[in-house]
Amino acid sequence: MDILDSLKKIFDDNCVLNDSESLQTFGKDWTKTHQPDPLAIVFPKSTEQIQALVKFANQESLSLVPSGGRTGLSGGAVAANKEIVVAFDKMNQVLEFNSVDRSVKCQSGVITKQLQDLATENKLFYPVDFASSGSSQIGGNISTNAGGIKVVGYGLTRNWVLGLTVVTGAGEILKLNHGLVKNATGYDLRHLFIGAEGTLGFITEATMKLARAPQNFSVMVLAVTDIPALMKVFEAFQNALDLSAFEFFSDLTLHYMHTDKGYAKPTEQEAPFYALLEFDNDNEQREAKALETFEYCMEQGWVVDGVMSQSIEQAKTLWKLREDVSETISAYTPYKNDLSVTISKVPDFLDAVDEIVTKNYSEFEVLWYGHIGDGNLHLNILKPADMDAGEFNQKCSVVNHQVFEVTQKLEGSISAEHGVGLLKRDYLEYSRSPEEIAYMNAVKAVFDPNGIMNPGKMLK
Ligand code: MLT
Ligand code: ZN
């Protein structure tokens, strides 16, 4: 029987698509570096349908690629080899909210923002946040262990997963951890599926933990003299307050936000770098502490100017300077790097990488921004308008090895939060030892013996 007919036996007719527009749309993510070429797109509505599909795919030697909000930046959801794309768009039901457990059980196609809003409606808080939260899905967040802008205060997606239902590559349904806070009964398989990029199996449901809602957050943007000063500012504020975010961007990044988006510059005095920090300003002492720390940083010469939000609206406006960077510079088809080292190594790391890029990319504009409070730096090289994309990517990738060698020397990560996918797969050995990669392959073989789950992503 034709494969499409067999798929229509598992799914409703309107849940199997193979028109060329759908194949293009659902066969890629935000990377756009590979030409999508899937066989078909299916839209499951239940765990059982996915189980039936995985069994069928094993029988017919078909490969499956999971597709969430398609906002990934590593090619993890790209289907370029006649795979079947499993789009979670119709698995978007919130199944249960529990105010005592402070948890939400949902299908994995629930949009991140939907989960954040549901928490807020119930006077609670889902703290994992990033610019694409209006499109990304919770299953994709878990599969890449998404980080974003509040990791300093709240940690990664991993910290908020209480339970998972998964369908393994062998076609078994596993219910992992059942929403428990404590469970000391051996290997926690839940954590293997977090950050696995769909290579072991597909996450179909997740129980997510919620936090107490912040009462009244305030944002400060500070103009900072250099990176060592930025780290001193971070240390001073962290000692004074519980920070929920500590981000940075360079003056060139701000220039693009100003010229392309029309966003006002936050301070009168300009500086090479800007820190954006956020804290829960729920009493006067906290605000006094923040202002006292700001003055101390000015006296030390680390900060030349600064602004503090006076309302939630103003806080949101300041946040846009950082949150909208990625979307704004996408017009320049940037070559993206997502690197991390331990926080104390950030100044040495940034100096070393900056030296490499200044030497090798003298004709390109280089933007720095990111989550400096957790050691994660985004390095973006902008494509000159008159340069062909192929030539640009080729020139940039030549320097990858030098950047990754520095990263390796400092025991950093070549992909802090965007994942490995296709784009970083061939560089994995810069962050993982041969022994680790061998164990990763062995784990994959246990859960996905025929190698049908997102093949070629993360591992060769
Ligand atoms: C961000 O921090 O803005 C995102 O990780 C996206 C990006 O790196 O451009
Ligand atoms: Zn980021």
# chains A, B, ... in the order shown; residues from 1 in each chain; ligands from 1
$ residues_near_ligand --ligand "ligand 2" --cutoff "7 Å" --atoms "only C-alpha atoms and all ligand atoms" --output "mmCIF file with C-alpha atoms, in the first residue's frame"
data_model
loop_
_atom_site.group_PDB
_atom_site.id
_atom_site.type_symbol
_atom_site.label_atom_id
_atom_site.label_comp_id
_atom_site.auth_asym_id
_atom_site.auth_seq_id
_atom_site.Cartn_x
_atom_site.Cartn_y
_atom_site.Cartn_z
ATOM 1 C CA GLY A 148 16.575 32.316 27.337
ATOM 2 C CA ILE A 149 16.593 35.512 29.338
ATOM 3 C CA GLY A 370 23.478 37.549 25.102
ATOM 4 C CA HIS A 371 22.935 36.171 28.537
ATOM 5 C CA HIS A 378 25.820 35.257 21.140
ATOM 6 C CA GLU A 417 21.170 26.943 24.306
#
$ select_by_dssp --residues "region 193-422 of chain A" --states "alpha helix (DSSP H)" --output "NGL selection string"
:A and (193 or 227-240 or 251-261 or 284-299 or 312-323 or 325-329 or 346-360 or 389-409)
$ closest_residue --among "A:Glu313, A:Glu429, A:Glu327, A:Glu405" --to "ligand 1" --atoms "only C-alpha atoms and all ligand atoms"
A:Glu327
$ atom_distance --atom1 "CA of Asp260 (chain A)" --atom2 "CA of Ala389 (chain A)"
21.1 Å
$ residues_around --residues "Ser63 (chain A)" --least-positions-apart "6" --cutoff "10 Å" --atoms "only C-alpha atoms" --output "short mmCIF file (atom, residue, chain, number, x, y, z; two decimals) with N, CA and C atoms, in the first residue's frame"
data_model
loop_
_atom_site.label_atom_id
_atom_site.label_comp_id
_atom_site.auth_asym_id
_atom_site.auth_seq_id
_atom_site.Cartn_x
_atom_site.Cartn_y
_atom_site.Cartn_z
N PRO A 38 10.73 16.95 2.79
CA PRO A 38 10.09 15.80 3.47
C PRO A 38 9.15 15.04 2.54
N LEU A 39 8.75 13.85 3.00
CA LEU A 39 7.82 13.02 2.22
C LEU A 39 6.38 13.45 2.50
N VAL A 54 5.19 5.45 14.94
CA VAL A 54 6.58 4.99 15.18
C VAL A 54 6.69 3.51 14.83
N ALA A 57 6.73 3.32 11.09
CA ALA A 57 8.00 3.82 10.55
C ALA A 57 9.11 2.79 10.74
N ALA A 79 13.78 18.78 7.80
CA ALA A 79 13.59 17.48 7.13
C ALA A 79 14.01 17.65 5.67
N ASN A 81 15.50 14.96 3.83
CA ASN A 81 15.80 13.65 3.24
C ASN A 81 14.58 12.73 3.20
N LYS A 82 13.49 13.23 2.72
CA LYS A 82 12.28 12.39 2.56
C LYS A 82 11.78 11.79 3.87
N GLU A 83 11.92 12.53 4.95
CA GLU A 83 11.40 12.05 6.23
C GLU A 83 9.91 12.39 6.34
N ILE A 84 9.26 11.78 7.34
CA ILE A 84 7.90 12.20 7.69
C ILE A 84 8.03 13.20 8.84
N VAL A 85 7.48 14.38 8.64
CA VAL A 85 7.52 15.40 9.68
C VAL A 85 6.32 15.20 10.61
N ASN A 450 16.54 1.29 15.45
CA ASN A 450 16.66 1.38 13.98
C ASN A 450 17.05 2.76 13.48
N GLY A 451 17.35 3.66 14.41
CA GLY A 451 17.83 4.99 14.02
C GLY A 451 16.85 5.78 13.18
N ILE A 452 15.56 5.74 13.56
CA ILE A 452 14.54 6.45 12.74
C ILE A 452 14.13 7.80 13.33
N MET A 453 14.57 8.08 14.58
CA MET A 453 14.10 9.30 15.24
C MET A 453 15.08 10.45 14.98
N ASN A 454 14.63 11.41 14.20
CA ASN A 454 15.42 12.59 13.85
C ASN A 454 16.86 12.24 13.47
N PRO A 455 17.04 11.34 12.51
CA PRO A 455 18.40 10.87 12.20
C PRO A 455 19.28 11.99 11.66
#
$ closest_atom_pairs --of "region 284-328 of chain A" --to "region 127-134 of chain A" --cutoff "9 Å" --atoms "only C-alpha atoms" --output "Markdown table"
| residue | atom | partner | partner_atom | distance |
| --- | --- | --- | --- | --- |
| A:Glu323 | CA | A:Ala131 | CA | 5.4 |
| A:Asp324 | CA | A:Ala131 | CA | 6.8 |
| A:Val325 | CA | A:Ala131 | CA | 9.0 |
| A:Ser326 | CA | A:Ala131 | CA | 8.1 |
| A:Glu327 | CA | A:Ala131 | CA | 8.4 |
$ closest_residue --among "A:Ser250, A:Ser67, A:Gln51, A:Ser6" --to "Thr25 (chain A)" --atoms "only C-alpha atoms"
A:Ser67
$ atom_distance --atom1 "CA of Gln107 (chain A)" --atom2 "CA of Cys15 (chain A)"
16.9 Å
$ residues_around --residues "Ala385 (chain A)" --least-positions-apart "4" --cutoff "10 Å" --atoms "only C-alpha atoms" --output "PyMOL selection string"
chain A and resi 331-333+389
$ residues_around --residues "Asp374 (chain A)" --least-positions-apart "4" --cutoff "9 Å" --atoms "only C-alpha atoms" --output "MDAnalysis selection string"
chainID A and resid 151:152 246:247 340:343
$ closest_residue --among "A:Ile414, A:Met440, A:Ala196, A:Ile329" --to "ligand 1" --atoms "only C-alpha atoms and all ligand atoms"
A:Ile329
$ residues_around --residues "region 236-239 of chain A" --least-positions-apart "2" --cutoff "12 Å" --atoms "only C-alpha atoms" --output "count of residues only"
38
$ closest_residue --among "A:Ile50, A:Ala146, A:Leu189, A:Leu318" --to "ligand 1" --atoms "only C-alpha atoms and all ligand atoms"
A:Ala146
$ closest_residue --among "A:Ala184, A:Leu53, A:Met257, A:Met458" --to "Lys444 (chain A)" --atoms "only C-alpha atoms"
A:Met458
$ residues_around --residues "Thr33 (chain A)" --least-positions-apart "2" --cutoff "9 Å" --atoms "only C-alpha atoms" --output "list in words"
Lys28, Trp30, Thr31, Gln35, Gly75 and Leu423 of chain A
$ select_by_dssp --residues "region 333-430 of chain A" --states "strand (DSSP E or B)" --output "JSON list (two decimals) with N, CA, C and O atoms, in the first residue's frame"
[["chain", "number", "residue", "atom", "x", "y", "z"],
["A", 335, "TYR", "N", 25.54, 35.14, 10.52],
["A", 335, "TYR", "CA", 26.16, 33.86, 10.87],
["A", 335, "TYR", "C", 26.19, 33.83, 12.39],
["A", 335, "TYR", "O", 26.80, 34.67, 13.02],
["A", 336, "LYS", "N", 25.48, 32.85, 12.98],
["A", 336, "LYS", "CA", 25.24, 32.89, 14.41],
["A", 336, "LYS", "C", 26.13, 31.92, 15.19],
["A", 336, "LYS", "O", 26.33, 30.79, 14.74],
["A", 337, "ASN", "N", 26.61, 32.37, 16.31],
["A", 337, "ASN", "CA", 27.30, 31.50, 17.25],
["A", 337, "ASN", "C", 26.66, 31.65, 18.62],
["A", 337, "ASN", "O", 26.27, 32.76, 19.00],
["A", 338, "ASP", "N", 26.59, 30.54, 19.34],
["A", 338, "ASP", "CA", 25.91, 30.50, 20.64],
["A", 338, "ASP", "C", 26.84, 29.79, 21.61],
["A", 338, "ASP", "O", 26.79, 28.57, 21.74],
["A", 339, "LEU", "N", 27.73, 30.57, 22.25],
["A", 339, "LEU", "CA", 28.85, 29.98, 22.99],
["A", 339, "LEU", "C", 28.68, 30.19, 24.49],
["A", 339, "LEU", "O", 28.05, 31.17, 24.91],
["A", 340, "SER", "N", 29.27, 29.29, 25.29],
["A", 340, "SER", "CA", 29.25, 29.58, 26.73],
["A", 340, "SER", "C", 30.52, 29.08, 27.41],
["A", 340, "SER", "O", 31.16, 28.13, 26.96],
["A", 365, "GLU", "N", 30.66, 43.17, 9.89],
["A", 365, "GLU", "CA", 30.26, 43.75, 11.18],
["A", 365, "GLU", "C", 29.95, 42.60, 12.15],
["A", 365, "GLU", "O", 29.26, 41.65, 11.80],
["A", 366, "VAL", "N", 30.48, 42.76, 13.35],
["A", 366, "VAL", "CA", 30.34, 41.70, 14.36],
["A", 366, "VAL", "C", 29.52, 42.23, 15.54],
["A", 366, "VAL", "O", 29.88, 43.24, 16.12],
["A", 367, "LEU", "N", 28.44, 41.53, 15.85],
["A", 367, "LEU", "CA", 27.60, 41.96, 16.97],
["A", 367, "LEU", "C", 27.71, 40.97, 18.13],
["A", 367, "LEU", "O", 27.64, 39.76, 17.93],
["A", 368, "TRP", "N", 27.85, 41.51, 19.33],
["A", 368, "TRP", "CA", 27.84, 40.69, 20.55],
["A", 368, "TRP", "C", 26.59, 41.03, 21.36],
["A", 368, "TRP", "O", 26.25, 42.20, 21.54],
["A", 369, "TYR", "N", 25.92, 40.01, 21.83],
["A", 369, "TYR", "CA", 24.84, 40.20, 22.81],
["A", 369, "TYR", "C", 24.61, 38.86, 23.50],
["A", 369, "TYR", "O", 25.21, 37.85, 23.10],
["A", 370, "GLY", "N", 23.77, 38.84, 24.49],
["A", 370, "GLY", "CA", 23.48, 37.55, 25.10],
["A", 370, "GLY", "C", 23.22, 37.60, 26.59],
["A", 370, "GLY", "O", 22.94, 38.65, 27.16],
["A", 371, "HIS", "N", 23.35, 36.41, 27.15],
["A", 371, "HIS", "CA", 22.94, 36.17, 28.54],
["A", 371, "HIS", "C", 24.20, 36.09, 29.39],
["A", 371, "HIS", "O", 24.56, 35.02, 29.89],
["A", 376, "ASN", "N", 26.61, 32.83, 28.70],
["A", 376, "ASN", "CA", 26.21, 32.53, 27.31],
["A", 376, "ASN", "C", 26.29, 33.79, 26.44],
["A", 376, "ASN", "O", 25.58, 34.76, 26.67],
["A", 377, "LEU", "N", 27.20, 33.72, 25.45],
["A", 377, "LEU", "CA", 27.42, 34.86, 24.57],
["A", 377, "LEU", "C", 26.97, 34.53, 23.16],
["A", 377, "LEU", "O", 27.34, 33.48, 22.62],
["A", 378, "HIS", "N", 26.20, 35.43, 22.55],
["A", 378, "HIS", "CA", 25.82, 35.26, 21.14],
["A", 378, "HIS", "C", 26.71, 36.15, 20.29],
["A", 378, "HIS", "O", 26.76, 37.37, 20.49],
["A", 379, "LEU", "N", 27.39, 35.51, 19.34],
["A", 379, "LEU", "CA", 28.28, 36.22, 18.41],
["A", 379, "LEU", "C", 27.64, 36.14, 17.04],
["A", 379, "LEU", "O", 27.43, 35.04, 16.51],
["A", 380, "ASN", "N", 27.28, 37.29, 16.48],
["A", 380, "ASN", "CA", 26.59, 37.30, 15.18],
["A", 380, "ASN", "C", 27.41, 38.11, 14.19],
["A", 380, "ASN", "O", 27.76, 39.27, 14.45],
["A", 381, "ILE", "N", 27.70, 37.51, 13.04],
["A", 381, "ILE", "CA", 28.43, 38.21, 11.98],
["A", 381, "ILE", "C", 27.40, 38.58, 10.92],
["A", 381, "ILE", "O", 26.68, 37.70, 10.42],
["A", 382, "LEU", "N", 27.33, 39.84, 10.55],
["A", 382, "LEU", "CA", 26.32, 40.27, 9.58],
["A", 382, "LEU", "C", 26.83, 40.11, 8.15],
["A", 382, "LEU", "O", 27.97, 40.47, 7.84],
["A", 413, "SER", "N", 31.13, 25.59, 25.93],
["A", 413, "SER", "CA", 30.20, 24.86, 25.06],
["A", 413, "SER", "C", 30.07, 25.57, 23.72],
["A", 413, "SER", "O", 29.92, 26.80, 23.66],
["A", 415, "SER", "N", 27.54, 25.11, 21.85],
["A", 415, "SER", "CA", 26.12, 25.44, 21.72],
["A", 415, "SER", "C", 25.51, 25.52, 23.11],
["A", 415, "SER", "O", 25.19, 24.51, 23.73]]
